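Written out below as structure tokens is the structure these notes cover.
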Amino acid sequence: MIFKAKTACGDDADSPIETGLCSKKYVIQCAPTTLKVYRDPAFRDTLIRRSKESLSNYNWDGERRKYLHLVSTLTGVSDGERGGRASLRSGAKHACRVFVTRTARCARVLTGNGATNPVACLRILTYHNIEPDPQNDFSVSPHAFADQMAFLKDHYPVVSLATLAAWVEGRAQIVGTAIAITFDDGFRGIIEYALPALLRLDLLSTVFLVEHAVNDNGAWMGKPALSPADIRAMAAAGIEFGSHGRSHISLASAHLAPAVLEREIGGSKTALEESLGVPIPYFAYPYGTARDIDDRVIQAVRQAGYRLGCTSIHGTNLACTNPLLLRRVKVERADSLATFRELLRGGMDAWAVVDNYGTFLQSKRRTQPFAGADAAPPAR
Ligand SMILES: [Zn+2]
């Protein structure tokens with residue numbers, strides 16, 4: 001590992017302590033990436049105190065996301081508070097979400113189309129991590145999550161993906177608007193902070209697991225992942241599970257060889273069922289927008305025997321919706337309860353335009369599978 005701290009004027013110093021006292025901003029340089037950390041008196045002392053002990057033990061893997069996490073860990077300051085490009089992007093995105101949902105609300109009121117929906121439909125909510133003091137746009141605090149679940153319990157029928165599957169297969173009925181709850185990526189925060197609220201309110205949900213995180217790594221994006229024991233305990237409590245692929249790569253844009261594609265989709269189902277002993281009947285496409293899914297990917301999901309495929313394209317689902325191309329609605333860190341209520345009424349459905357045609361505005365995708373993704377999955 002190479003570590004150097006530089007002052008804003010370019011003076012090198014081996015010790016971040018000496019550098020920190022005189023710089024206007026810090027530059028943490030670690031080949032091949034350089035990350036600028038803007039000076040803030042609130043975290044300068046923390047950076048100085050904790051840098052030496054933490055950096056020597058840090059697992060560098062060359063991903064910028066890891067650097068950002070490192071800085072958050074060192075400083076205790078989240079992306080949103082730190083300033084710079086990350087907070088600008090985060091703030092602009094939040095402003096867009098508020099604008100889109102409030103515009104949809106105005107349109108609904110002005111057109112008189114705000115009464116009960118006469119057509120049965122099902123909205124699937126997408127959460128990621130639930131954690132105190134969330135530092136990522138996709139994480140939600142336990143307090144906000146509990147408020148959202150209480151609102152759901154009081155105002156909507158909440159159904160499982162098993163019920164959704166039966167509905168699209170013509171074996172169950174749904175009246176009005178029903179809601180399903182899903183979690184992507186399998187963070188351990190789900191069992192720590194989401195499960196208590198779900199059990200207290202008797203709400204069903206489904207967790208989509210990254211096979212590599214469960215079977216090989218024990219962590220995902222620098223956060224603890226659900227362990228096999230966690231997953232078995234949650235399954236016993238009624239939580240359903242699906243696959244989110246083996247390596248969480250963009251399956252359509254990676255131009256994967258057929259064997260690798262099969263390993264990511266069908267192989268992850270087999271491997272998870274083998275190691276966990278729980279059924280994995282559903283698949284959530286990693287990233288899940290129009291550029292991450294194509295006919296080849298859908299065919300692989302069908303051949304693997306999944307009953308449902310969940311995208312990340314915003315929208316609602318009708319009885320005639322393709323069960324392998326279900327739409328979902330993302331819930332994010334900055335969403336107020338008022339925004340959450342609008343999400344449930346379709347306030348973000350127009351965001352499907354971005355999911356379908358504006359994916360260049362979204363974050364970069366992983367395209368390289370983890371080691372072992374070209375190996376044969378365990379026998380069923
Ligand atoms: Zn994901």
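Letters A, B, ... mark the chains of the structure tokens in the order given; residue numbers begin at 1 per chain; ligand numbers begin at 1, in order shown.
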Protein and nucleic acid residues within 6 Å of ligand 1 (only C-alpha atoms and all ligand atoms) as a PyMOL selection string: chain A and resi 184-185+286-287
Spatial neighbours of A:Asp133, 9 Å, only C-alpha atoms, chain gap at least 3 places, as a ChimeraX atom specification: /A:78,139-142
Closest of A:Trp167, A:Phe187, A:Trp220, A:Phe145 to A:Asn129 - atom-to-atom distances counting only C-alpha atoms: A:Phe187
Stretch 334-350 of chain A surroundings by only C-alpha atoms, 7 Å radius, close-in-sequence under 3 positions cut, as a list of chain:residue names: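 Listed by chain and then number, they are A:His94, A:Val98, A:Val100, A:Thr101, A:Ala104, A:Arg105, A:Gln148, A:His314, A:Gly315, A:Val331, A:Val353.
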Close residues, A:Thr321 itself excluded, 12 Å, only C-alpha atoms, min 2 positions apart in chain, as a PyMOL selection string: chain A and resi 120-123+164-165+167-170+308-310+315-319+323-327
For the selection just defined, write its residues with N, CA and C atoms to a file, as a short mmCIF file (atom, residue, chain, number, x, y, z; two decimals), in the first residue's frame.
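Result file is out14.cif:
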```
data_model
loop_
_atom_site.label_atom_id
_atom_site.label_comp_id
_atom_site.auth_asym_id
_atom_site.auth_seq_id
_atom_site.Cartn_x
_atom_site.Cartn_y
_atom_site.Cartn_z
N ALA A 120 -56.84 -3.17 -10.27
CA ALA A 120 -55.94 -3.80 -9.31
C ALA A 120 -54.51 -3.64 -9.79
N CYS A 121 -53.66 -3.19 -8.88
CA CYS A 121 -52.25 -3.05 -9.24
C CYS A 121 -51.38 -3.32 -8.02
N LEU A 122 -50.13 -3.60 -8.27
CA LEU A 122 -49.23 -3.93 -7.19
C LEU A 122 -47.92 -3.17 -7.35
N ARG A 123 -47.57 -2.43 -6.33
CA ARG A 123 -46.30 -1.71 -6.34
C ARG A 123 -45.31 -2.47 -5.48
N LEU A 164 -47.82 -12.24 -5.16
CA LEU A 164 -47.70 -11.57 -6.46
C LEU A 164 -47.56 -12.61 -7.58
N ALA A 165 -46.73 -13.64 -7.33
CA ALA A 165 -46.53 -14.68 -8.35
C ALA A 165 -47.85 -15.39 -8.64
N TRP A 167 -50.76 -14.18 -8.29
CA TRP A 167 -51.66 -13.22 -8.96
C TRP A 167 -51.36 -13.16 -10.47
N VAL A 168 -50.09 -12.99 -10.83
CA VAL A 168 -49.77 -12.91 -12.26
C VAL A 168 -49.96 -14.25 -12.96
N GLU A 169 -49.98 -15.33 -12.15
CA GLU A 169 -50.23 -16.66 -12.72
C GLU A 169 -51.72 -16.99 -12.73
N GLY A 170 -52.56 -16.03 -12.27
CA GLY A 170 -54.02 -16.20 -12.31
C GLY A 170 -54.58 -17.05 -11.20
N LEU A 308 -40.31 -15.04 -10.72
CA LEU A 308 -40.45 -13.60 -10.93
C LEU A 308 -39.08 -12.97 -11.18
N GLY A 309 -39.06 -11.91 -11.99
CA GLY A 309 -37.84 -11.13 -12.18
C GLY A 309 -38.15 -9.67 -11.90
N CYS A 310 -37.40 -9.08 -10.97
CA CYS A 310 -37.66 -7.69 -10.56
C CYS A 310 -36.62 -6.76 -11.18
N GLY A 315 -42.34 2.12 -11.67
CA GLY A 315 -43.67 1.88 -12.23
C GLY A 315 -44.45 0.92 -11.38
N THR A 316 -45.66 0.62 -11.83
CA THR A 316 -46.53 -0.30 -11.12
C THR A 316 -46.74 -1.56 -11.95
N ASN A 317 -47.35 -2.57 -11.35
CA ASN A 317 -47.55 -3.85 -12.04
C ASN A 317 -49.03 -4.19 -12.08
N LEU A 318 -49.48 -4.62 -13.24
CA LEU A 318 -50.85 -5.08 -13.42
C LEU A 318 -50.85 -6.60 -13.57
N ALA A 319 -52.04 -7.18 -13.59
CA ALA A 319 -52.12 -8.65 -13.71
C ALA A 319 -51.51 -9.13 -15.01
N PRO A 323 -44.17 -11.30 -15.77
CA PRO A 323 -43.64 -11.60 -14.42
C PRO A 323 -42.12 -11.56 -14.33
N LEU A 324 -41.43 -11.58 -15.47
CA LEU A 324 -39.97 -11.49 -15.43
C LEU A 324 -39.47 -10.07 -15.67
N LEU A 325 -40.40 -9.13 -15.78
CA LEU A 325 -40.03 -7.72 -15.97
C LEU A 325 -40.86 -6.83 -15.05
N LEU A 326 -40.90 -7.18 -13.78
CA LEU A 326 -41.70 -6.42 -12.82
C LEU A 326 -41.03 -5.08 -12.54
N ARG A 327 -41.84 -4.07 -12.37
CA ARG A 327 -41.32 -2.73 -12.05
C ARG A 327 -41.33 -2.52 -10.54
#
```
For atom CA of A:Arg296 and atom CA of A:Phe241, the interatomic separation in Å (one decimal):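 Distance reported for this atom pair: 23.6 Å.
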Counting only C-alpha atoms, the option among A:Thr177, A:Asn356, A:Gln368, A:Ser90 closest to A:Phe138: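 Using only C-alpha atoms, A:Phe138 sits closest to A:Ser90.
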Spatial neighbours of A:Ala252, max dist 7 Å, only C-alpha atoms, sep filter under 5 positions, as a PyMOL selection string: chain A and resi 291-294+297
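We find atom CA of A:Gly189 and atom CA of A:Glu131 to be spaced 5.7 Å apart.
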